[in-house]
file model-v5.txt (compact mmCIF, C-alpha atoms and all ligand atoms)
# COMPACT_ATOMS: atom_id res chain seq x y z
CA MET A 16 76.78 84.76 103.03
CA SER A 17 78.98 87.61 101.93
CA ALA A 18 81.57 88.57 104.52
CA VAL A 19 81.99 92.03 105.96
CA ILE A 20 85.38 93.21 104.75
CA ILE A 21 87.36 94.37 107.76
CA ASP A 22 88.88 97.78 107.08
CA GLY A 23 92.26 97.53 108.81
CA ARG A 24 93.17 101.09 107.82
CA ALA A 25 90.04 102.53 109.45
CA ILE A 26 90.67 100.58 112.67
CA ALA A 27 94.33 101.64 112.63
CA ASP A 28 93.28 105.30 112.14
CA GLU A 29 91.02 105.08 115.17
CA ILE A 30 93.83 103.61 117.32
CA GLU A 31 96.26 106.15 115.89
CA ARG A 32 94.11 109.07 117.02
CA ALA A 33 94.21 107.82 120.60
CA ILE A 34 97.99 107.31 120.45
CA ARG A 35 98.51 110.83 119.04
CA HIS A 36 96.61 112.23 121.99
CA ASP A 37 98.63 110.14 124.49
CA VAL A 38 101.94 111.05 122.83
CA SER A 39 101.05 114.71 123.07
CA ASN A 40 100.35 114.32 126.80
CA TYR A 41 103.64 112.47 127.23
CA CYS A 42 105.54 115.29 125.48
CA SER A 43 103.93 117.93 127.72
CA LEU A 44 104.70 115.93 130.84
CA TYR A 45 108.32 114.98 130.11
CA ASN A 46 109.36 117.63 127.61
CA ILE A 47 110.64 115.01 125.20
CA ALA A 48 108.96 112.96 122.48
CA PRO A 49 109.01 109.14 122.54
CA SER A 50 111.77 107.97 120.24
CA LEU A 51 112.25 104.87 118.09
CA VAL A 52 115.41 103.70 116.35
CA VAL A 53 115.24 101.04 113.64
CA ILE A 54 118.48 99.29 112.69
CA ALA A 55 118.46 97.75 109.21
CA LEU A 56 121.15 95.82 107.36
CA GLY A 57 121.00 96.57 103.66
CA LYS A 58 117.95 97.93 101.86
CA ASP A 59 115.74 94.93 101.06
CA PRO A 60 112.78 96.35 99.08
CA ARG A 61 110.14 94.68 101.29
CA SER A 62 111.82 95.91 104.45
CA MET A 63 112.07 99.38 102.94
CA SER A 64 108.33 99.43 102.32
CA TYR A 65 107.67 98.47 105.96
CA ILE A 66 110.20 101.04 107.22
CA ARG A 67 108.49 103.77 105.17
CA GLN A 68 105.11 102.84 106.66
CA LYS A 69 106.53 102.93 110.19
CA THR A 70 108.10 106.32 109.54
CA ARG A 71 104.79 107.73 108.31
CA VAL A 72 102.86 106.47 111.33
CA CYS A 73 105.51 107.78 113.76
CA ALA A 74 105.46 111.20 112.10
CA ARG A 75 101.67 111.38 112.32
CA VAL A 76 101.51 110.54 116.03
CA GLY A 77 104.53 112.66 117.09
CA ILE A 78 107.11 109.92 117.74
CA ARG A 79 110.74 110.73 116.83
CA ASP A 80 111.85 108.03 114.43
CA ARG A 81 115.25 107.28 112.93
CA THR A 82 116.52 104.40 110.82
CA ILE A 83 120.19 103.44 110.94
CA PHE A 84 121.14 101.68 107.71
CA LEU A 85 124.22 99.49 108.00
CA PRO A 86 125.80 97.62 105.07
CA LEU A 87 124.42 94.14 104.41
CA GLU A 88 127.85 92.61 105.14
CA THR A 89 128.14 94.27 108.59
CA PRO A 90 129.83 91.78 110.97
CA GLU A 91 127.78 90.50 113.90
CA GLU A 92 130.09 92.23 116.40
CA ASP A 93 129.48 95.61 114.77
CA LEU A 94 125.74 95.10 114.83
CA LEU A 95 125.95 94.17 118.52
CA ASP A 96 127.94 97.37 119.11
CA ALA A 97 125.23 99.39 117.35
CA VAL A 98 122.54 97.77 119.54
CA CYS A 99 124.56 98.45 122.72
CA ALA A 100 125.00 102.10 121.72
CA MET A 101 121.22 102.45 121.40
CA ASN A 102 120.68 100.68 124.73
CA GLU A 103 122.98 103.18 126.44
CA ASP A 104 121.49 106.26 124.78
CA SER A 105 118.82 107.50 127.21
CA SER A 106 117.24 109.68 124.51
CA VAL A 107 116.31 106.48 122.62
CA HIS A 108 113.28 104.73 124.11
CA ALA A 109 112.67 101.96 121.59
CA VAL A 110 114.94 99.81 119.40
CA LEU A 111 113.91 97.53 116.59
CA ILE A 112 116.06 95.30 114.39
CA GLN A 113 114.61 95.05 110.90
CA GLU A 114 114.20 91.42 109.84
CA PRO A 115 115.13 89.47 107.84
CA LEU A 116 118.80 89.57 108.85
CA PRO A 117 121.48 88.13 106.56
CA LYS A 118 122.57 84.54 107.23
CA HIS A 119 125.90 85.42 108.88
CA ILE A 120 124.03 87.08 111.77
CA ALA A 121 122.64 84.98 114.64
CA SER A 122 119.25 86.62 114.99
CA LEU A 123 118.60 85.37 118.55
CA LYS A 124 121.96 86.71 119.75
CA ILE A 125 121.05 90.17 118.46
CA LEU A 126 117.53 90.07 119.92
CA GLN A 127 118.95 89.08 123.29
CA ALA A 128 121.32 92.05 123.20
CA ILE A 129 118.47 94.59 123.03
CA ASP A 130 117.50 96.14 126.36
CA PRO A 131 114.16 94.34 127.03
CA ILE A 132 112.58 97.65 128.10
CA LYS A 133 113.37 99.06 124.65
CA ASP A 134 112.43 95.87 122.75
CA VAL A 135 109.24 97.14 121.10
CA ASP A 136 108.99 94.12 118.82
CA GLY A 137 108.55 91.98 121.95
CA PHE A 138 110.98 89.33 120.66
CA HIS A 139 113.48 89.37 123.55
CA PRO A 140 113.15 86.08 125.49
CA GLU A 141 112.41 88.06 128.67
CA ASN A 142 109.43 89.73 126.99
CA VAL A 143 108.28 86.45 125.44
CA GLY A 144 108.42 84.85 128.90
CA LEU A 145 106.50 87.68 130.54
CA SER A 146 103.76 87.31 127.93
CA VAL A 147 103.56 83.56 128.44
CA VAL A 148 103.14 83.91 132.21
CA GLY A 149 100.40 86.50 131.68
CA ALA A 150 102.35 89.62 132.66
CA PRO A 151 103.01 91.18 129.26
CA ARG A 152 105.40 94.10 128.80
CA HIS A 153 105.92 94.47 125.03
CA GLU A 154 104.05 92.07 122.75
CA PRO A 155 104.71 91.52 119.03
CA CYS A 156 102.94 94.12 116.91
CA THR A 157 101.13 91.93 114.36
CA PRO A 158 99.30 89.63 116.81
CA LYS A 159 98.66 92.59 119.10
CA GLY A 160 97.01 94.45 116.20
CA ILE A 161 94.89 91.41 115.31
CA PHE A 162 93.81 90.99 118.92
CA GLU A 163 92.74 94.61 119.09
CA ALA A 164 90.91 94.38 115.75
CA LEU A 165 88.93 91.30 116.86
CA HIS A 166 87.57 93.30 119.77
CA ARG A 167 86.77 96.31 117.64
CA ILE A 168 84.77 94.26 115.11
CA GLY A 169 82.74 92.70 117.92
CA CYS A 170 84.43 89.32 117.78
CA ALA A 171 85.89 89.07 121.28
CA PRO A 172 87.89 85.82 121.54
CA ALA A 173 86.42 84.64 124.88
CA GLY A 174 84.60 81.33 124.49
CA ARG A 175 85.46 81.07 120.79
CA HIS A 176 87.68 78.53 119.09
CA ALA A 177 90.58 80.23 117.33
CA VAL A 178 92.64 78.29 114.82
CA ILE A 179 96.00 79.72 113.81
CA VAL A 180 97.90 78.50 110.78
CA GLY A 181 101.65 79.12 111.20
CA ARG A 182 103.96 78.78 114.20
CA SER A 183 106.47 81.60 113.72
CA ASN A 184 107.86 83.50 116.68
CA LEU A 185 106.69 86.66 114.90
CA VAL A 186 103.00 85.84 114.45
CA GLY A 187 101.67 82.33 115.13
CA LYS A 188 103.13 81.56 118.56
CA PRO A 189 102.55 84.97 120.17
CA MET A 190 99.02 85.03 118.67
CA MET A 191 98.25 81.69 120.29
CA ASN A 192 99.65 82.86 123.61
CA MET A 193 97.61 86.08 123.62
CA LEU A 194 94.38 84.28 122.82
CA ILE A 195 94.62 81.63 125.54
CA GLN A 196 95.41 83.89 128.49
CA LYS A 197 92.96 83.65 131.37
CA THR A 198 91.72 87.21 131.09
CA GLU A 199 88.39 88.73 130.17
CA ARG A 200 89.79 90.01 126.88
CA ALA A 201 91.28 86.65 125.83
CA ASN A 202 90.02 83.31 127.16
CA ALA A 203 89.73 81.62 123.78
CA THR A 204 90.32 77.96 123.02
CA ALA A 205 93.11 77.80 120.47
CA THR A 206 94.61 75.34 118.02
CA LEU A 207 97.92 76.03 116.29
CA CYS A 208 98.50 74.33 112.94
CA HIS A 209 101.82 74.14 111.10
CA THR A 210 103.66 72.20 108.42
CA GLY A 211 103.53 69.06 110.58
CA THR A 212 99.72 69.17 110.88
CA PRO A 213 97.97 66.38 108.93
CA ASP A 214 94.64 67.40 107.40
CA LEU A 215 94.83 71.16 107.87
CA ALA A 216 91.26 71.62 106.63
CA PHE A 217 89.88 69.42 109.42
CA HIS A 218 91.17 71.98 111.92
CA THR A 219 90.44 75.18 109.98
CA ARG A 220 86.80 74.09 109.51
CA GLN A 221 86.34 74.16 113.29
CA ALA A 222 87.49 77.74 113.71
CA ASP A 223 85.19 80.51 114.88
CA ILE A 224 88.23 82.73 114.36
CA LEU A 225 90.69 81.65 111.69
CA ILE A 226 94.08 83.36 111.54
CA ALA A 227 96.18 82.48 108.51
CA ALA A 228 99.90 83.26 108.88
CA ALA A 229 101.64 80.65 106.76
CA GLY A 230 103.15 82.79 104.01
CA ARG A 231 101.56 80.52 101.36
CA PRO A 232 99.52 82.26 98.65
CA GLU A 233 95.79 81.47 98.91
CA LEU A 234 96.38 78.32 100.99
CA ILE A 235 93.01 78.66 102.74
CA LYS A 236 90.06 78.19 100.37
CA GLY A 237 86.41 78.82 101.13
CA ASP A 238 85.68 75.12 101.67
CA MET A 239 88.21 75.09 104.52
CA ILE A 240 86.28 77.72 106.47
CA LYS A 241 83.40 77.22 108.90
CA PRO A 242 80.33 79.22 107.77
CA GLY A 243 80.19 82.47 109.74
CA ALA A 244 83.82 82.42 110.90
CA ALA A 245 85.89 85.59 111.25
CA VAL A 246 88.93 85.20 109.02
CA ILE A 247 92.13 87.17 109.55
CA ASP A 248 94.58 86.97 106.67
CA VAL A 249 98.10 87.85 107.78
CA GLY A 250 99.91 86.65 104.66
CA ILE A 251 101.52 89.00 102.19
CA ASN A 252 102.66 87.08 99.12
CA ALA A 253 103.80 88.43 95.78
CA VAL A 254 102.53 86.30 92.88
CA ASP A 255 103.41 86.76 89.20
CA ASP A 256 100.87 88.83 87.31
CA PRO A 257 101.88 89.89 83.80
CA SER A 258 98.75 92.09 83.60
CA SER A 259 100.03 94.31 86.41
CA LYS A 260 102.56 97.11 85.81
CA LYS A 261 104.94 95.69 88.42
CA GLY A 262 104.64 92.16 87.00
CA TYR A 263 103.25 90.88 90.29
CA ARG A 264 100.38 91.40 92.71
CA LEU A 265 100.01 90.87 96.42
CA VAL A 266 97.73 88.13 97.73
CA GLY A 267 97.13 86.79 101.20
CA ASP A 268 97.17 83.28 102.60
CA VAL A 269 93.40 83.15 102.10
CA HIS A 270 91.64 82.77 98.76
CA PHE A 271 89.66 85.98 99.03
CA GLU A 272 86.81 85.32 96.61
CA SER A 273 85.83 81.88 97.92
CA ALA A 274 86.40 82.88 101.56
CA ARG A 275 84.11 85.90 101.38
CA GLU A 276 81.20 83.62 100.42
CA VAL A 277 81.55 81.65 103.66
CA ALA A 278 83.09 83.88 106.33
CA SER A 279 81.17 86.49 108.31
CA ALA A 280 84.15 88.87 108.34
CA LEU A 281 87.41 88.89 106.42
CA THR A 282 90.53 91.05 106.24
CA PRO A 283 91.71 92.06 102.76
CA VAL A 284 95.34 92.03 101.55
CA PRO A 285 96.55 94.72 101.43
CA GLY A 286 94.63 97.00 103.81
CA GLY A 287 93.88 94.47 106.54
CA VAL A 288 96.50 93.43 109.06
CA GLY A 289 99.40 95.55 107.71
CA PRO A 290 98.19 98.98 108.96
CA LEU A 291 97.41 97.46 112.37
CA THR A 292 100.99 96.20 112.74
CA CYS A 293 102.47 99.67 112.19
CA VAL A 294 100.14 101.40 114.60
CA MET A 295 100.93 98.84 117.30
CA LEU A 296 104.60 99.66 116.92
CA ALA A 297 103.74 103.27 117.76
CA SER A 298 101.75 102.02 120.76
CA ASN A 299 104.68 99.91 122.00
CA THR A 300 107.11 102.82 121.51
CA LEU A 301 104.95 105.05 123.68
CA ALA A 302 104.81 102.27 126.29
CA ALA A 303 108.62 101.98 126.22
CA ALA A 304 108.97 105.75 126.68
CA ARG A 305 106.63 105.58 129.67
CA LEU A 306 108.68 102.75 131.20
CA ALA A 307 111.83 104.86 130.78
CA ALA A 308 110.15 107.82 132.48
CA GLU A 309 108.91 105.64 135.36
CA SER A 310 112.38 104.20 135.93
CA ARG A 311 113.80 107.75 136.22
CA SER A 312 111.21 108.97 138.73
P1 LIG B 401 107.20 82.23 108.63
O1 LIG B 401 107.63 81.74 107.29
O2 LIG B 401 108.23 82.57 109.64
O3 LIG B 401 106.22 81.17 109.28
C1 LIG B 401 105.22 80.56 108.53
C2 LIG B 401 104.64 79.42 109.33
O4 LIG B 401 103.60 78.83 108.57
C3 LIG B 401 105.63 78.32 109.65
O5 LIG B 401 105.58 78.12 111.02
C4 LIG B 401 105.12 77.09 108.93
O6 LIG B 401 105.15 75.94 109.77
C5 LIG B 401 103.67 77.43 108.65
N1 LIG B 401 103.24 76.89 107.35
C6 LIG B 401 103.80 77.10 106.14
N2 LIG B 401 103.12 76.42 105.21
C7 LIG B 401 102.14 75.76 105.83
C8 LIG B 401 101.12 74.87 105.40
N3 LIG B 401 100.98 74.53 104.11
N4 LIG B 401 100.28 74.37 106.32
C9 LIG B 401 100.39 74.72 107.62
N5 LIG B 401 101.34 75.55 108.08
C10 LIG B 401 102.19 76.06 107.20
O7 LIG B 401 106.26 83.47 108.33
P2 LIG B 401 105.73 84.68 109.27
O8 LIG B 401 106.83 85.61 109.53
O9 LIG B 401 104.94 84.16 110.41
O10 LIG B 401 104.74 85.38 108.24
C11 LIG B 401 103.65 84.69 107.68
C12 LIG B 401 103.03 85.53 106.58
O11 LIG B 401 102.54 86.74 107.16
C13 LIG B 401 104.01 85.97 105.50
O12 LIG B 401 103.31 86.04 104.28
C14 LIG B 401 104.42 87.37 105.94
O13 LIG B 401 104.82 88.17 104.85
C15 LIG B 401 103.14 87.86 106.54
N6 LIG B 401 103.29 88.89 107.58
C16 LIG B 401 102.48 89.97 107.50
C17 LIG B 401 102.53 90.94 108.46
C18 LIG B 401 101.62 92.11 108.38
O14 LIG B 401 101.81 93.08 109.09
N7 LIG B 401 100.59 92.06 107.53
C19 LIG B 401 103.40 90.83 109.54
C20 LIG B 401 104.20 89.69 109.62
C21 LIG B 401 104.13 88.72 108.63

call {"tool": "encode", "arguments": {"input": "model-v5.txt", "output": "structure tokens", "more": "lines below"}}
Ligand code: NAD
result
Amino acid sequence: MSAVIIDGRAIADEIERAIRHDVSNYCSLYNIAPSLVVIALGKDPRSMSYIRQKTRVCARVGIRDRTIFLPLETPEEDLLDAVCAMNEDSSVHAVLIQEPLPKHIASLKILQAIDPIKDVDGFHPENVGLSVVGAPRHEPCTPKGIFEALHRIGCAPAGRHAVIVGRSNLVGKPMMNMLIQKTERANATATLCHTGTPDLAFHTRQADILIAAAGRPELIKGDMIKPGAAVIDVGINAVDDPSSKKGYRLVGDVHFESAREVASALTPVPGGVGPLTCVMLASNTLAAARLAAESRS
């Protein structure tokens, strides 16, 4: 079997067109464009690349987008002040804190300070809780993008066994939660594997849908995949490559060449999950702007 390579960019483009249309309607109705503010500490090269992608997507769909760069050594109190200022500014609909944050900042404290209505990353405990009880407001962009892509490639989760590798708050846990909800669009059986899981391959071989989000280069080899499974590779890992101009290349958590021989569908890295994440941020920003408009009327 040779897997269909899932074109994340094409799926993201399709979703983007619908968002552009909805943003345009929002602007006509409320005479203001949805607006997103990203707060970043320092200019970490990987964060900068993600920020640039977000900016491009926002520009294309008509969302106002601004990044506030603060020095890396900004004290926690000053960052909290910056978050509060954005919470109070009614012209700002969505606020996102660029991770990773430096060690002197308590990440959870900052996330909890964001107005949950403006928390388009969906990391505020109130939004996490709403998702868990099946009443989602904002859900994290990466799992939301994967969920949408599964539907669009004809691999609806209902009745399937999804195995997720990685238990981060960013990807693994929210992915698991979305898949197990008792709704027509979800309703999967799910297994979550992590560093404490003995015999990872035993579990991955049972997956109809395998989602790798471990941040370990090429951890999942073809012989760990059930024939015909849909494989979603979330990982983005830089590995040394003297033959490349940059001295490195990006690989996923899945060994692409062996996986494509076994899987029925597979996301590439790059060009798979990444574009979906950015477009979902635009979707959540529009949703936050709608919530703001509803609370005013
Ligand atoms: P993380 O480091 O916060 O979490 C990784 C998880 O994987 C941990 O829970 C850990 O228990 C688990 N893990 C690590 N090694 C394992 C192993 N050998 N066996 C089983 N479990 C293992 O990472 P994250 O933020 O969830 O990101 C994961 C990967 O996805 C990274 O490569 C990151 O760069 C990438 N990522 C991509 C996007 C995107 O848009 N494409 C978005 C977010 C994250």

call {"tool": "residues_around", "arguments": {"input": "model-v5.txt", "residues": "region 248-262 of chain A", "least_positions_apart": "2", "cutoff": "6 Å", "atoms": "all atoms listed in the file", "output": "PyMOL selection string"}}
result
chain A and resi 227-228+230+232+264-268+282+288

call {"tool": "closest_residue", "arguments": {"input": "model-v5.txt", "among": "A:Ile120, A:Leu291, A:Val148, A:Ala203", "to": "Cys170 (chain A)", "atoms": "only C-alpha atoms"}}
result
A:Ala203

call {"tool": "closest_residue", "arguments": {"input": "model-v5.txt", "among": "A:His36, A:His270, A:His209, A:Arg75", "to": "ligand LIG 401 (chain B)", "atoms": "all atoms listed in the file"}}
result
A:His209

call {"tool": "closest_residue", "arguments": {"input": "model-v5.txt", "among": "A:Tyr45, A:Tyr65, A:Phe162, A:Phe217", "to": "ligand LIG 401 (chain B)", "atoms": "only C-alpha atoms and all ligand atoms"}}
result
A:Tyr65

call {"tool": "residues_around", "arguments": {"input": "model-v5.txt", "residues": "Arg67 (chain A)", "least_positions_apart": "2", "cutoff": "12 Å", "atoms": "only C-alpha atoms", "output": "list of chain:residue names"}}
result
A:Val53, A:Lys58, A:Pro60, A:Arg61, A:Ser62, A:Met63, A:Ser64, A:Tyr65, A:Lys69, A:Thr70, A:Arg71, A:Val72, A:Cys73, A:Ala74, A:Asp80, A:Arg81, A:Thr82, A:Pro290, A:Cys293

call {"tool": "residues_near_point", "arguments": {"input": "model-v5.txt", "point": "(84.6, 72.2, 116.4)", "cutoff": "12 Å", "atoms": "all atoms listed in the file", "output": "ChimeraX atom specification"}}
result
/A:175-178,204-206,216-224,240-242,244

call {"tool": "closest_residue", "arguments": {"input": "model-v5.txt", "among": "A:Ala55, A:Met190, A:Val76, A:Ile47", "to": "Ser105 (chain A)", "atoms": "all atoms listed in the file"}}
result
A:Ile47

call {"tool": "atom_distance", "arguments": {"input": "model-v5.txt", "atom1": "CA of Gly237 (chain A)", "atom2": "CA of Ala27 (chain A)"}}
result
26.8 Å

call {"tool": "closest_residue", "arguments": {"input": "model-v5.txt", "among": "A:Ile34, A:Leu85, A:Asp238, A:Val246", "to": "Ala164 (chain A)", "atoms": "only C-alpha atoms"}}
result
A:Val246

call {"tool": "residues_near_point", "arguments": {"input": "model-v5.txt", "point": "(120.2, 85.6, 121.1)", "cutoff": "12 Å", "atoms": "only C-alpha atoms", "output": "ChimeraX atom specification"}}
result
/A:91,95,120-129,138-141

call {"tool": "build_atoms", "arguments": {"input": "model-v5.txt", "residues": "region 202-228 of chain A", "atoms": "N, CA, C and O atoms", "output": "compact mmCIF listing (two decimals), keeping the file's coordinate frame"}}
result
# COMPACT_ATOMS: atom_id res chain seq x y z
N ASN A 202 90.88 84.44 126.77
CA ASN A 202 90.02 83.31 127.16
C ASN A 202 89.43 82.52 125.99
O ASN A 202 88.30 82.02 126.09
N ALA A 203 90.18 82.45 124.90
CA ALA A 203 89.73 81.62 123.78
C ALA A 203 90.30 80.21 123.93
O ALA A 203 91.23 79.98 124.69
N THR A 204 89.71 79.27 123.19
CA THR A 204 90.32 77.96 123.02
C THR A 204 91.10 78.06 121.71
O THR A 204 90.57 78.61 120.73
N ALA A 205 92.34 77.60 121.70
CA ALA A 205 93.11 77.80 120.47
C ALA A 205 93.80 76.54 119.99
O ALA A 205 94.21 75.69 120.77
N THR A 206 93.89 76.44 118.68
CA THR A 206 94.61 75.34 118.02
C THR A 206 95.64 75.98 117.11
O THR A 206 95.32 76.94 116.40
N LEU A 207 96.86 75.49 117.16
CA LEU A 207 97.92 76.03 116.29
C LEU A 207 98.33 74.96 115.27
O LEU A 207 98.77 73.88 115.65
N CYS A 208 98.15 75.27 114.01
CA CYS A 208 98.50 74.33 112.94
C CYS A 208 99.81 74.78 112.28
O CYS A 208 100.12 75.97 112.25
N HIS A 209 100.52 73.83 111.71
CA HIS A 209 101.82 74.14 111.10
C HIS A 209 102.11 73.10 110.03
O HIS A 209 101.24 72.28 109.69
N THR A 210 103.34 73.11 109.53
CA THR A 210 103.66 72.20 108.42
C THR A 210 103.60 70.73 108.83
O THR A 210 103.51 69.86 107.98
N GLY A 211 103.62 70.47 110.13
CA GLY A 211 103.53 69.06 110.58
C GLY A 211 102.11 68.64 110.88
O GLY A 211 101.89 67.54 111.40
N THR A 212 101.12 69.49 110.56
CA THR A 212 99.72 69.17 110.88
C THR A 212 99.09 68.37 109.73
O THR A 212 98.97 68.89 108.62
N PRO A 213 98.69 67.10 109.99
CA PRO A 213 97.97 66.38 108.93
C PRO A 213 96.55 66.92 108.82
O PRO A 213 95.97 67.32 109.84
N ASP A 214 96.01 66.96 107.66
CA ASP A 214 94.64 67.40 107.40
C ASP A 214 94.33 68.79 108.00
O ASP A 214 93.52 68.95 108.92
N LEU A 215 95.00 69.77 107.42
CA LEU A 215 94.83 71.16 107.87
C LEU A 215 93.35 71.59 107.85
O LEU A 215 92.85 72.22 108.78
N ALA A 216 92.66 71.19 106.79
CA ALA A 216 91.26 71.62 106.63
C ALA A 216 90.37 71.13 107.76
O ALA A 216 89.42 71.82 108.17
N PHE A 217 90.66 69.94 108.29
CA PHE A 217 89.88 69.42 109.42
C PHE A 217 89.88 70.44 110.56
O PHE A 217 88.85 70.69 111.20
N HIS A 218 91.04 71.02 110.81
CA HIS A 218 91.17 71.98 111.92
C HIS A 218 90.57 73.35 111.55
O HIS A 218 89.84 73.95 112.33
N THR A 219 90.90 73.82 110.35
CA THR A 219 90.44 75.18 109.98
C THR A 219 88.91 75.24 109.95
O THR A 219 88.32 76.26 110.27
N ARG A 220 88.28 74.11 109.60
CA ARG A 220 86.80 74.09 109.51
C ARG A 220 86.14 74.18 110.89
O ARG A 220 84.92 74.32 110.98
N GLN A 221 86.92 74.07 111.94
CA GLN A 221 86.34 74.16 113.29
C GLN A 221 86.52 75.55 113.89
O GLN A 221 86.12 75.79 115.03
N ALA A 222 87.14 76.44 113.13
CA ALA A 222 87.49 77.74 113.71
C ALA A 222 86.34 78.73 113.69
O ALA A 222 85.72 78.96 112.64
N ASP A 223 86.08 79.33 114.86
CA ASP A 223 85.19 80.51 114.88
C ASP A 223 86.00 81.72 114.42
O ASP A 223 85.48 82.65 113.81
N ILE A 224 87.29 81.68 114.80
CA ILE A 224 88.23 82.73 114.36
C ILE A 224 89.38 82.00 113.68
O ILE A 224 90.03 81.14 114.29
N LEU A 225 89.61 82.31 112.42
CA LEU A 225 90.69 81.65 111.69
C LEU A 225 91.76 82.68 111.34
O LEU A 225 91.45 83.69 110.71
N ILE A 226 92.98 82.41 111.78
CA ILE A 226 94.08 83.36 111.54
C ILE A 226 95.13 82.66 110.68
O ILE A 226 95.75 81.67 111.10
N ALA A 227 95.29 83.14 109.46
CA ALA A 227 96.18 82.48 108.51
C ALA A 227 97.49 83.25 108.44
O ALA A 227 97.53 84.40 108.01
N ALA A 228 98.57 82.62 108.88
CA ALA A 228 99.90 83.26 108.88
C ALA A 228 100.94 82.23 108.46
O ALA A 228 101.85 81.90 109.21
